[in-house]
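Enquirer: File follows, start_26.json with JSON, C-alpha atoms:
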```json
[["chain", "number", "residue", "atom", "x", "y", "z"],
["A", 1, "MET", "CA", -6.48, 11.59, 2.84],
["A", 2, "THR", "CA", -5.10, 8.08, 2.99],
["A", 3, "ALA", "CA", -7.71, 5.36, 2.74],
["A", 4, "PRO", "CA", -7.96, 2.67, 5.41],
["A", 5, "HIS", "CA", -6.17, -0.58, 4.72],
["A", 6, "PRO", "CA", -8.35, -2.99, 2.74],
["A", 7, "GLN", "CA", -9.07, -6.44, 4.04],
["A", 8, "ASN", "CA", -9.15, -9.52, 1.83],
["A", 9, "LYS", "CA", -12.91, -9.91, 1.93],
["A", 10, "GLY", "CA", -14.07, -8.28, -1.31],
["A", 11, "THR", "CA", -16.62, -5.51, -1.71],
["A", 12, "GLN", "CA", -20.11, -6.08, -0.30],
["A", 13, "ASP", "CA", -23.14, -4.86, -2.23],
["A", 14, "ALA", "CA", -26.45, -3.64, -0.82],
["A", 15, "ALA", "CA", -27.77, -7.21, -0.61],
["A", 16, "GLY", "CA", -24.85, -8.29, 1.56],
["A", 17, "ASP", "CA", -23.18, -10.35, -1.17],
["A", 18, "TYR", "CA", -19.48, -10.02, -1.89],
["A", 19, "LEU", "CA", -18.29, -8.89, -5.31],
["A", 20, "ARG", "CA", -14.80, -10.14, -6.00],
["A", 21, "SER", "CA", -12.46, -11.88, -8.40],
["A", 22, "VAL", "CA", -11.76, -15.56, -7.79],
["A", 23, "LYS", "CA", -9.89, -18.37, -9.50],
["A", 24, "ALA", "CA", -12.11, -20.66, -11.56],
["A", 25, "GLN", "CA", -11.53, -23.57, -9.19],
["A", 26, "GLN", "CA", -12.71, -21.41, -6.24],
["A", 27, "VAL", "CA", -16.22, -20.96, -7.66],
["A", 28, "GLY", "CA", -18.82, -22.63, -5.47],
["A", 29, "PRO", "CA", -22.57, -23.40, -5.37],
["A", 30, "GLY", "CA", -24.65, -20.27, -5.01],
["A", 31, "ASP", "CA", -22.10, -18.01, -6.71],
["A", 32, "ARG", "CA", -23.31, -15.87, -9.62],
["A", 33, "PHE", "CA", -21.07, -14.89, -12.52],
["A", 34, "LEU", "CA", -20.99, -11.24, -13.49],
["A", 35, "THR", "CA", -21.42, -10.35, -17.16],
["A", 36, "ARG", "CA", -19.47, -7.55, -18.83],
["A", 37, "GLN", "CA", -22.51, -5.36, -18.15],
["A", 38, "GLY", "CA", -22.29, -6.22, -14.45],
["A", 39, "GLU", "CA", -25.49, -8.31, -14.42],
["A", 40, "PRO", "CA", -25.40, -11.53, -12.35],
["A", 41, "SER", "CA", -26.09, -14.93, -13.88],
["A", 42, "ALA", "CA", -28.34, -17.55, -12.38],
["A", 43, "PRO", "CA", -26.67, -19.12, -9.32],
["A", 44, "VAL", "CA", -24.25, -22.00, -9.72],
["A", 45, "SER", "CA", -25.78, -25.29, -8.65],
["A", 46, "GLN", "CA", -22.93, -27.70, -9.42],
["A", 47, "ILE", "CA", -19.20, -27.59, -10.19],
["A", 48, "ARG", "CA", -16.96, -30.19, -11.79],
["A", 49, "THR", "CA", -13.40, -30.12, -13.12],
["A", 50, "THR", "CA", -12.31, -31.79, -16.36],
["A", 51, "ARG", "CA", -8.72, -32.81, -17.10],
["A", 52, "ASP", "CA", -6.67, -32.80, -20.27],
["A", 53, "ASP", "CA", -5.13, -35.92, -21.82],
["A", 54, "PHE", "CA", -2.17, -35.71, -19.45],
["A", 55, "GLY", "CA", -4.30, -35.60, -16.30],
["A", 56, "THR", "CA", -3.83, -31.89, -15.62],
["A", 57, "PRO", "CA", -6.92, -29.86, -14.59],
["A", 58, "ALA", "CA", -8.00, -27.97, -17.71],
["A", 59, "LEU", "CA", -11.59, -26.73, -17.38],
["A", 60, "VAL", "CA", -14.00, -25.87, -14.60],
["A", 61, "VAL", "CA", -17.56, -26.57, -15.71],
["A", 62, "ALA", "CA", -20.27, -24.80, -13.72],
["A", 63, "THR", "CA", -23.89, -25.86, -14.10],
["A", 64, "LEU", "CA", -26.30, -23.01, -13.35],
["A", 65, "SER", "CA", -29.71, -23.36, -11.75],
["A", 66, "ASP", "CA", -31.35, -22.62, -15.11],
["A", 67, "GLY", "CA", -29.55, -25.58, -16.69],
["A", 68, "ARG", "CA", -26.89, -23.66, -18.59],
["A", 69, "GLU", "CA", -23.25, -24.74, -18.42],
["A", 70, "VAL", "CA", -20.37, -22.27, -18.14],
["A", 71, "ARG", "CA", -16.86, -23.45, -19.01],
["A", 72, "ILE", "CA", -13.89, -21.61, -17.48],
["A", 73, "ALA", "CA", -10.19, -22.32, -17.97],
["A", 74, "TYR", "CA", -8.72, -23.82, -14.82],
["A", 75, "GLY", "CA", -6.59, -21.20, -13.03],
["A", 76, "SER", "CA", -8.17, -18.23, -14.81],
["A", 77, "THR", "CA", -9.78, -15.37, -12.87],
["A", 78, "ILE", "CA", -13.45, -14.46, -13.03],
["A", 79, "ARG", "CA", -15.70, -11.93, -11.27],
["A", 80, "VAL", "CA", -18.52, -13.36, -9.14],
["A", 81, "ARG", "CA", -21.20, -12.28, -6.73],
["A", 82, "THR", "CA", -21.05, -14.61, -3.73],
["A", 83, "HIS", "CA", -22.35, -14.86, -0.19],
["A", 84, "ARG", "CA", -19.02, -16.37, 0.90],
["A", 85, "PRO", "CA", -16.28, -14.04, 2.21],
["A", 86, "ALA", "CA", -12.88, -14.68, 0.71],
["A", 87, "PRO", "CA", -10.83, -17.39, 2.42],
["A", 88, "ASN", "CA", -7.76, -16.23, 4.26],
["A", 89, "LEU", "CA", -4.62, -16.09, 2.19],
["A", 90, "ASP", "CA", -1.92, -18.62, 3.01],
["A", 91, "VAL", "CA", 1.74, -17.62, 2.87],
["A", 92, "SER", "CA", 2.71, -21.08, 1.56],
["A", 93, "THR", "CA", 0.25, -21.20, -1.35],
["A", 94, "ASP", "CA", -0.80, -17.66, -2.34],
["A", 95, "LEU", "CA", 2.61, -16.11, -3.05],
["A", 96, "SER", "CA", 3.93, -16.81, -6.54],
["A", 97, "PRO", "CA", 7.33, -18.46, -7.13],
["A", 98, "VAL", "CA", 9.99, -15.75, -7.45],
["A", 99, "GLU", "CA", 13.56, -15.49, -8.69],
["A", 100, "GLU", "CA", 16.17, -15.25, -5.95],
["A", 101, "GLY", "CA", 17.53, -11.73, -5.54],
["A", 102, "SER", "CA", 14.65, -10.13, -7.46],
["A", 103, "PRO", "CA", 12.41, -7.32, -6.17],
["A", 104, "GLU", "CA", 9.61, -9.89, -5.99],
["A", 105, "ALA", "CA", 11.78, -12.07, -3.75],
["A", 106, "THR", "CA", 12.32, -9.16, -1.36],
["A", 107, "VAL", "CA", 8.57, -8.64, -1.04],
["A", 108, "VAL", "CA", 7.91, -12.35, -0.52],
["A", 109, "GLU", "CA", 10.67, -12.71, 2.08],
["A", 110, "VAL", "CA", 9.28, -9.77, 4.07],
["A", 111, "ALA", "CA", 5.72, -11.10, 3.79],
["A", 112, "GLN", "CA", 6.79, -14.53, 5.06],
["A", 113, "LEU", "CA", 7.68, -12.89, 8.37],
["A", 114, "HIS", "CA", 4.01, -11.91, 8.79],
["A", 115, "PRO", "CA", 2.15, -15.08, 7.75],
["A", 116, "ASP", "CA", -1.02, -14.18, 9.67],
["A", 117, "ASN", "CA", -1.43, -10.61, 8.39],
["A", 118, "GLN", "CA", -3.97, -10.65, 5.58],
["A", 119, "HIS", "CA", -3.19, -7.12, 4.41],
["A", 120, "VAL", "CA", 0.49, -7.91, 3.99],
["A", 121, "LEU", "CA", -0.28, -11.18, 2.19],
["A", 122, "ALA", "CA", -2.83, -9.56, -0.13],
["A", 123, "VAL", "CA", -0.37, -6.91, -1.33],
["A", 124, "ALA", "CA", 2.55, -9.34, -1.45],
["A", 125, "SER", "CA", 0.49, -11.86, -3.42],
["A", 126, "LYS", "CA", -0.22, -9.24, -6.08],
["A", 127, "LEU", "CA", 3.37, -7.99, -6.22],
["A", 128, "SER", "CA", 4.87, -11.50, -6.27],
["A", 129, "ARG", "CA", 3.32, -12.04, -9.71],
["A", 130, "GLY", "CA", 5.72, -9.46, -11.14],
["A", 131, "ILE", "CA", 7.01, -5.99, -10.29],
["A", 132, "ASN", "CA", 7.53, -3.33, -12.91],
["A", 133, "LEU", "CA", 9.63, -0.60, -11.31],
["A", 134, "ARG", "CA", 8.41, 1.86, -13.94],
["A", 135, "SER", "CA", 4.81, 1.38, -12.85],
["A", 136, "GLY", "CA", 3.66, 4.19, -10.58],
["A", 137, "ALA", "CA", 0.86, 2.02, -9.17],
["A", 138, "GLN", "CA", 3.26, -0.76, -8.18],
["A", 139, "LEU", "CA", 5.71, 1.68, -6.62],
["A", 140, "GLU", "CA", 2.81, 3.03, -4.58],
["A", 141, "ASP", "CA", 1.89, -0.51, -3.47],
["A", 142, "ILE", "CA", 5.46, -1.12, -2.28],
["A", 143, "ASP", "CA", 5.63, 2.19, -0.43],
["A", 144, "THR", "CA", 2.22, 1.67, 1.18],
["A", 145, "LEU", "CA", 3.23, -1.81, 2.30],
["A", 146, "ALA", "CA", 6.47, -0.46, 3.80],
["A", 147, "ARG", "CA", 4.53, 2.11, 5.81],
["A", 148, "HIS", "CA", 2.10, -0.56, 6.99],
["A", 149, "LEU", "CA", 5.02, -2.65, 8.24],
["A", 150, "PHE", "CA", 6.57, 0.32, 10.04],
["A", 151, "ILE", "CA", 3.42, 1.79, 11.57],
["A", 152, "ASP", "CA", 0.99, -1.08, 12.12],
["A", 153, "LEU", "CA", 3.39, -3.97, 12.66],
["A", 154, "ASP", "CA", 6.35, -2.15, 14.25],
["A", 155, "ASP", "CA", 8.67, -3.86, 11.76],
["A", 156, "PRO", "CA", 11.26, -1.24, 10.76],
["A", 157, "ASP", "CA", 13.61, -3.90, 9.36],
["A", 158, "GLY", "CA", 10.99, -5.18, 6.92],
["A", 159, "ALA", "CA", 9.92, -1.66, 6.05],
["A", 160, "LEU", "CA", 13.51, -0.63, 5.32],
["A", 161, "ARG", "CA", 14.04, -3.64, 3.07],
["A", 162, "LEU", "CA", 11.05, -2.62, 0.99],
["A", 163, "THR", "CA", 12.11, 1.02, 0.78],
["A", 164, "THR", "CA", 15.40, -0.06, -0.81],
["A", 165, "LEU", "CA", 13.41, -1.20, -3.85],
["A", 166, "LEU", "CA", 12.43, 2.42, -4.42],
["A", 167, "THR", "CA", 15.17, 4.55, -2.90],
["A", 168, "GLN", "CA", 17.72, 3.42, -5.49],
["A", 169, "LEU", "CA", 15.53, 4.62, -8.35],
["A", 170, "PRO", "CA", 16.55, 7.91, -9.99],
["A", 171, "TYR", "CA", 14.45, 11.02, -10.36],
["A", 172, "ASP", "CA", 13.40, 11.07, -14.02],
["A", 173, "GLY", "CA", 10.92, 13.92, -14.04],
["A", 174, "ALA", "CA", 7.87, 11.65, -13.70],
["A", 175, "MET", "CA", 6.26, 13.14, -10.60],
["A", 176, "GLY", "CA", 3.71, 10.32, -10.35],
["A", 177, "ARG", "CA", 6.53, 7.82, -9.82],
["A", 178, "TRP", "CA", 8.65, 10.20, -7.78],
["A", 179, "LYS", "CA", 5.84, 10.67, -5.24],
["A", 180, "SER", "CA", 6.27, 7.06, -4.06],
["A", 181, "ILE", "CA", 10.08, 7.22, -4.24],
["A", 182, "GLU", "CA", 10.00, 10.44, -2.21],
["A", 183, "SER", "CA", 7.73, 8.83, 0.36],
["A", 184, "SER", "CA", 10.05, 5.82, 0.73],
["A", 185, "LEU", "CA", 13.10, 8.08, 1.02],
["A", 186, "ALA", "CA", 11.42, 9.97, 3.88],
["A", 187, "LEU", "CA", 10.44, 6.71, 5.59],
["A", 188, "ALA", "CA", 13.94, 5.27, 5.21],
["A", 189, "ALA", "CA", 15.46, 8.47, 6.62],
["A", 190, "THR", "CA", 13.07, 8.30, 9.57],
["A", 191, "ILE", "CA", 14.03, 4.73, 10.40],
["A", 192, "HIS", "CA", 17.75, 5.53, 10.15],
["A", 193, "PHE", "CA", 17.40, 8.59, 12.37],
["A", 194, "HIS", "CA", 15.45, 6.59, 14.96],
["A", 195, "ARG", "CA", 18.36, 4.14, 15.04],
["A", 196, "GLY", "CA", 20.96, 6.86, 15.38],
["A", 197, "GLU", "CA", 22.27, 6.20, 11.87],
["A", 198, "GLU", "CA", 22.77, 9.85, 11.00],
["A", 199, "ALA", "CA", 24.86, 9.40, 7.85],
["A", 200, "GLU", "CA", 22.37, 6.98, 6.27],
["A", 201, "GLY", "CA", 19.43, 9.19, 7.24],
["A", 202, "ARG", "CA", 20.99, 12.32, 5.76],
["A", 203, "ALA", "CA", 21.94, 10.48, 2.58],
["A", 204, "ALA", "CA", 18.31, 9.47, 2.05],
["A", 205, "GLY", "CA", 17.14, 12.97, 2.93],
["A", 206, "ASP", "CA", 19.57, 14.59, 0.51],
["A", 207, "ARG", "CA", 17.99, 12.74, -2.40],
["A", 208, "LEU", "CA", 14.66, 14.42, -1.67],
["A", 209, "ALA", "CA", 16.12, 17.60, -3.13],
["A", 210, "GLU", "CA", 16.76, 16.04, -6.55],
["A", 211, "PRO", "CA", 13.70, 17.62, -8.21],
["A", 212, "ASP", "CA", 14.87, 21.03, -6.97],
["A", 213, "ARG", "CA", 18.35, 20.49, -8.41],
["A", 214, "ASP", "CA", 16.93, 19.27, -11.72],
["A", 215, "GLU", "CA", 15.83, 22.77, -12.76],
["A", 216, "GLU", "CA", 18.49, 24.25, -15.06],
["A", 217, "ASP", "CA", 17.06, 27.77, -15.30],
["A", 218, "PRO", "CA", 18.57, 29.69, -12.33],
["A", 219, "ILE", "CA", 15.61, 32.06, -12.00],
["A", 220, "ARG", "CA", 13.06, 29.25, -11.96],
["A", 221, "ALA", "CA", 15.26, 27.28, -9.59],
["A", 222, "GLN", "CA", 15.42, 30.20, -7.16],
["A", 223, "ARG", "CA", 11.66, 30.73, -7.35],
["A", 224, "ALA", "CA", 11.01, 27.01, -6.77],
["A", 225, "ALA", "CA", 13.41, 27.04, -3.79],
["A", 226, "GLU", "CA", 11.56, 29.98, -2.25],
["A", 227, "ILE", "CA", 8.20, 28.26, -2.69],
["A", 228, "ARG", "CA", 9.57, 25.02, -1.23],
["A", 229, "GLN", "CA", 11.02, 26.86, 1.78],
["A", 230, "ARG", "CA", 7.70, 28.59, 2.40],
["A", 231, "GLN", "CA", 5.91, 25.24, 2.28],
["A", 232, "MET", "CA", 8.38, 23.77, 4.74],
["A", 233, "ASN", "CA", 8.07, 26.73, 7.09],
["A", 234, "GLU", "CA", 4.27, 26.63, 7.06],
["A", 235, "PRO", "CA", 3.29, 23.00, 6.39],
["A", 236, "ASN", "CA", -0.26, 21.76, 6.56],
["A", 237, "LEU", "CA", -0.30, 19.35, 9.50],
["A", 238, "TYR", "CA", -4.07, 18.72, 9.29],
["A", 239, "ASP", "CA", -4.70, 19.77, 12.89],
["A", 240, "ARG", "CA", -8.28, 20.81, 12.23],
["A", 241, "GLU", "CA", -9.12, 17.62, 10.37],
["A", 242, "VAL", "CA", -7.60, 15.37, 13.05],
["A", 243, "LEU", "CA", -9.49, 17.18, 15.81],
["A", 244, "ARG", "CA", -12.76, 16.96, 13.89],
["A", 245, "ALA", "CA", -12.35, 13.21, 13.33],
["A", 246, "GLU", "CA", -11.52, 12.70, 17.01],
["A", 247, "ALA", "CA", -14.57, 14.71, 18.08],
["A", 248, "ASN", "CA", -16.82, 12.71, 15.73],
["A", 249, "GLY", "CA", -15.50, 9.36, 16.97],
["A", 250, "ASP", "CA", -14.26, 8.54, 13.46],
["A", 251, "PRO", "CA", -11.09, 6.43, 13.86],
["A", 252, "VAL", "CA", -10.88, 5.62, 10.13],
["A", 253, "GLY", "CA", -10.95, 9.30, 9.19],
["A", 254, "GLU", "CA", -8.57, 10.17, 12.02],
["A", 255, "ARG", "CA", -6.12, 7.54, 10.85],
["A", 256, "GLY", "CA", -6.16, 8.92, 7.32],
["A", 257, "TRP", "CA", -5.45, 12.48, 8.41],
["A", 258, "ARG", "CA", -2.77, 11.37, 10.88],
["A", 259, "GLU", "CA", -1.05, 9.39, 8.13],
["A", 260, "SER", "CA", -1.01, 12.54, 6.00],
["A", 261, "ARG", "CA", 0.41, 14.48, 8.93],
["A", 262, "LEU", "CA", 3.09, 11.85, 9.54],
["A", 263, "ALA", "CA", 4.10, 11.91, 5.87],
["A", 264, "THR", "CA", 4.65, 15.67, 6.09],
["A", 265, "LEU", "CA", 6.59, 15.41, 9.34],
["A", 266, "MET", "CA", 8.86, 12.66, 8.01],
["A", 267, "TYR", "CA", 9.53, 14.65, 4.85],
["A", 268, "LEU", "CA", 10.46, 17.73, 6.88],
["A", 269, "ARG", "CA", 12.73, 15.70, 9.15],
["A", 270, "ALA", "CA", 14.44, 14.05, 6.20],
["A", 271, "ARG", "CA", 15.08, 17.46, 4.65],
["A", 272, "GLY", "CA", 16.80, 18.57, 7.86],
["A", 273, "GLY", "CA", 13.98, 20.60, 9.32],
["A", 274, "SER", "CA", 13.00, 24.13, 8.36],
["A", 275, "GLU", "CA", 13.17, 27.68, 9.70],
["A", 276, "THR", "CA", 10.23, 26.93, 12.01],
["A", 277, "PHE", "CA", 10.78, 23.25, 12.90],
["A", 278, "THR", "CA", 14.06, 21.99, 14.34],
["A", 279, "GLU", "CA", 15.21, 18.42, 13.82],
["A", 280, "GLU", "CA", 14.70, 17.71, 17.52],
["A", 281, "GLU", "CA", 11.12, 19.00, 17.43],
["A", 282, "LEU", "CA", 10.37, 16.94, 14.34],
["A", 283, "ASP", "CA", 11.82, 13.80, 15.92],
["A", 284, "ARG", "CA", 9.50, 14.30, 18.88],
["A", 285, "ARG", "CA", 6.46, 14.89, 16.67],
["A", 286, "VAL", "CA", 7.21, 11.90, 14.43],
["A", 287, "ARG", "CA", 7.49, 9.56, 17.40],
["A", 288, "ARG", "CA", 4.26, 10.90, 18.89],
["A", 289, "GLU", "CA", 2.40, 10.52, 15.60],
["A", 290, "VAL", "CA", 3.64, 6.96, 15.07],
["A", 291, "ALA", "CA", 2.49, 6.07, 18.60],
["A", 292, "SER", "CA", -0.97, 7.56, 17.93],
["A", 293, "LEU", "CA", -1.28, 5.67, 14.64],
["A", 294, "ARG", "CA", -0.31, 2.37, 16.26],
["A", 295, "THR", "CA", -2.99, 2.91, 18.91],
["A", 296, "LEU", "CA", -5.54, 3.62, 16.18],
["A", 297, "ALA", "CA", -4.43, 0.51, 14.27],
["A", 298, "GLU", "CA", -5.09, -1.61, 17.37],
["A", 299, "THR", "CA", -8.50, 0.02, 17.80],
["A", 300, "LEU", "CA", -9.51, -0.62, 14.19],
["A", 301, "ALA", "CA", -8.18, -4.20, 14.31],
["A", 302, "SER", "CA", -10.31, -4.92, 17.38],
["A", 303, "GLU", "CA", -13.40, -3.70, 15.52],
["A", 304, "ASP", "CA", -12.94, -6.04, 12.52]]
```
Could you spell out this file's structure in structure tokens?
Expert:
Amino acid sequence: MTAPHPQNKGTQDAAGDYLRSVKAQQVGPGDRFLTRQGEPSAPVSQIRTTRDDFGTPALVVATLSDGREVRIAYGSTIRVRTHRPAPNLDVSTDLSPVEEGSPEATVVEVAQLHPDNQHVLAVASKLSRGINLRSGAQLEDIDTLARHLFIDLDDPDGALRLTTLLTQLPYDGAMGRWKSIESSLALAATIHFHRGEEAEGRAAGDRLAEPDRDEEDPIRAQRAAEIRQRQMNEPNLYDREVLRAEANGDPVGERGWRESRLATLMYLRARGGSETFTEEELDRRVRREVASLRTLAETLASED
């Protein structure tokens, strides 16, 4: 099940403090440093910054309530326990400089269109520091951000721009990486179909079959095709789980299951339907699921 979108507040412990990573210059009075064993230091009572011989900030010196001094390189990251929630990210200061035309630039340009969305800025800030297109985790971040733009923010243009970072990547047998590429291909196909761009949608959908075509043994290929067809004819659409979450008044759980359902529906539509689901039926179901997820997103946003 897909987890709810994180906010940029950090994780709260049982005492109500936030546990998060901050830049050295963001440390404030009352914060406690976390040791490698996870134990908190005495609280910070005073902070000062020292400069190098050229006037550039070099060290942050924190004086603790027990009199000890802790020296931290200016700009470095450190884990703290703090009572202060994280400040909102700012599109003009929290996105790293990027090279024009790079994958990082695409992410930053899309994020700049949503300067008030903290989820978008949090993911974009991380990705702007450098994207490795061989990293499964970073591919997942890009795909997740694209889906957030499409579902929560009704921004298919931005979502499609992000999918292009993944949909051009080849299938190389690494299923961990292919999972995110496959997801972006299905999303891209969905957006194209919604716009009436049939050729583009079918081109994206055709690439979803690459793992099936990669099998050179004809017997194994036939067996895999039969299993795939059976899965497409009888997909798990998480009906029971969605109904249970609805009955329990659990919008977070409902959202997760509906996102899983939408992923399956978009994959089926991109593959051209199955023996039990026509393209027209899948189009209808995809639109209905997107509408339900957008309603849930508004509900969850109002509760924050």
Enquirer: Between A:Thr163, A:Gln37, A:Gln25, A:Asn88, single out the one closest to Asn117 (chain A), counting all atoms listed in the file.
Expert: A:Asn88
Enquirer: Which residue is closest to Gly136 (chain A)? Choose from A:Lys179, A:Asp17, A:Asp172, A:Arg161 and count only C-alpha atoms.
Expert: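 For Gly136 (chain A), the nearest of the given residues is A:Lys179.
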Enquirer: At a cut-off of 10 Å, can you tabulate as JSON lines every residue of region 132-178 of chain A near region 279-301 of chain A together with its closest atom pair and the distance in Å to one decimal, using all atoms listed in the file and ordering rows by chain then number?
Expert:
```
{"residue": "A:His148", "atom": "CA", "partner": "A:Ala297", "partner_atom": "CA", "distance": 9.8}
{"residue": "A:Phe150", "atom": "CA", "partner": "A:Val290", "partner_atom": "CA", "distance": 8.8}
{"residue": "A:Ile151", "atom": "CA", "partner": "A:Arg294", "partner_atom": "CA", "distance": 6.0}
{"residue": "A:Asp152", "atom": "CA", "partner": "A:Arg294", "partner_atom": "CA", "distance": 5.5}
{"residue": "A:Leu153", "atom": "CA", "partner": "A:Arg294", "partner_atom": "CA", "distance": 8.2}
{"residue": "A:Asp154", "atom": "CA", "partner": "A:Arg294", "partner_atom": "CA", "distance": 8.3}
```
Enquirer: One decimal, in Å: what's the spacing between CA of Gly173 (chain A) and CA of Leu139 (chain A)?
Expert: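 Between these atoms lies a distance of 15.2 Å.
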Enquirer: Rounded to one decimal place, report the CA of Ala105 (chain A)-CA of Ser125 (chain A) distance in Å.
Expert: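 Atom-to-atom, CA of Ala105 (chain A) and CA of Ser125 (chain A) are spaced 11.3 Å apart.
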Enquirer: Hey, can you check how far CA of Ile78 (chain A) sits from CA of Gly38 (chain A)?
Expert: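 Between CA of Ile78 (chain A) and CA of Gly38 (chain A) the gap works out to 12.2 Å.
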Enquirer: Could you name the residues that touch Ala204 (chain A) at 8 Å or less, counting only C-alpha atoms, but leaving out those on the same chain fewer than 4 positions away, as number ranges by chain?
Expert: A: 167, 185-186, 188-189, 200, 208, 270
Enquirer: Once you have the residues from the selection above, write them out as a short mmCIF file (atom, residue, chain, number, x, y, z; two decimals), keeping the file's coordinate frame, restricted to C-alpha atoms.
Expert:
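again_3.cif was written with the following content:
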```
data_model
loop_
_atom_site.label_atom_id
_atom_site.label_comp_id
_atom_site.auth_asym_id
_atom_site.auth_seq_id
_atom_site.Cartn_x
_atom_site.Cartn_y
_atom_site.Cartn_z
CA THR A 167 15.17 4.55 -2.90
CA LEU A 185 13.10 8.08 1.02
CA ALA A 186 11.42 9.97 3.88
CA ALA A 188 13.94 5.27 5.21
CA ALA A 189 15.46 8.47 6.62
CA GLU A 200 22.37 6.98 6.27
CA LEU A 208 14.66 14.42 -1.67
CA ALA A 270 14.44 14.05 6.20
#
```
Enquirer: Please list as a VMD selection string every residue within 9 Å of region 226-236 of chain A, counting all atoms listed in the file and excluding residues in the same chain fewer than 4 positions away.
Expert: chain A and resid 212 221 to 222 261 264 to 265 268 273 to 277
Enquirer: Pick from A:Asn248, A:Thr278, A:Ser180, A:Thr164: nearest to Ala263 (chain A), with only C-alpha atoms counted?
Expert: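 Between A:Asn248, A:Thr278, A:Ser180, A:Thr164, the residue approaching Ala263 (chain A) most closely is A:Ser180.
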Enquirer: Taking only C-alpha atoms into account, name the residue in A:Arg134, A:Arg258, A:Pro156, A:Leu165 that is nearest to Glu104 (chain A).
Expert: A:Leu165
Enquirer: May I have the residues within 9 Å of region 43-58 of chain A as a PyMOL selection string, using all atoms listed in the file and disregarding those fewer than 5 positions away in the same chain?
Expert: chain A and resi 25+27-33+63-67+72-75
Enquirer: Given the selection you just returned, output its residues as a file containing C-alpha atoms, formatted as a compact mmCIF listing (two decimals), in the frame of the given file.
Expert:
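Just written: again-v2.txt:
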```txt
# COMPACT_ATOMS: atom_id res chain seq x y z
CA GLN A 25 -11.53 -23.57 -9.19
CA VAL A 27 -16.22 -20.96 -7.66
CA GLY A 28 -18.82 -22.63 -5.47
CA PRO A 29 -22.57 -23.40 -5.37
CA GLY A 30 -24.65 -20.27 -5.01
CA ASP A 31 -22.10 -18.01 -6.71
CA ARG A 32 -23.31 -15.87 -9.62
CA PHE A 33 -21.07 -14.89 -12.52
CA THR A 63 -23.89 -25.86 -14.10
CA LEU A 64 -26.30 -23.01 -13.35
CA SER A 65 -29.71 -23.36 -11.75
CA ASP A 66 -31.35 -22.62 -15.11
CA GLY A 67 -29.55 -25.58 -16.69
CA ILE A 72 -13.89 -21.61 -17.48
CA ALA A 73 -10.19 -22.32 -17.97
CA TYR A 74 -8.72 -23.82 -14.82
CA GLY A 75 -6.59 -21.20 -13.03
```
Enquirer: Starting from 5 Å padding per side, set up an axis-aligned box that covers all listed atoms of region 137-149 of chain A and hand over centre and edge lengths in Å, one decimal, as JSON.
Expert:
```
{"center_x": 3.7, "center_y": 0.2, "center_z": -0.5, "size_x": 15.6, "size_y": 15.7, "size_z": 27.4}
```
Enquirer: Which residue, A:Arg244, A:His119, A:Lys126, A:Arg223, has the smallest gap to Leu145 (chain A) when you use only C-alpha atoms?
Expert: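 Counting only C-alpha atoms, the residue closest to Leu145 (chain A) is A:His119.
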Enquirer: Here is a test: counting all atoms listed in the file, which residue of A:Ala124, A:Pro115, A:Tyr18, A:Pro170 is nearest to Leu95 (chain A)?
Expert: A:Ala124
Enquirer: Can you tell me, as a VMD selection string, what residues are no more than 10 Å from Gln112 (chain A) when counting all atoms listed in the file, ignoring any on the same chain fewer than 2 positions away?
Expert: chain A and resid 90 to 92 95 107 to 110 114 to 117 120 to 121 124
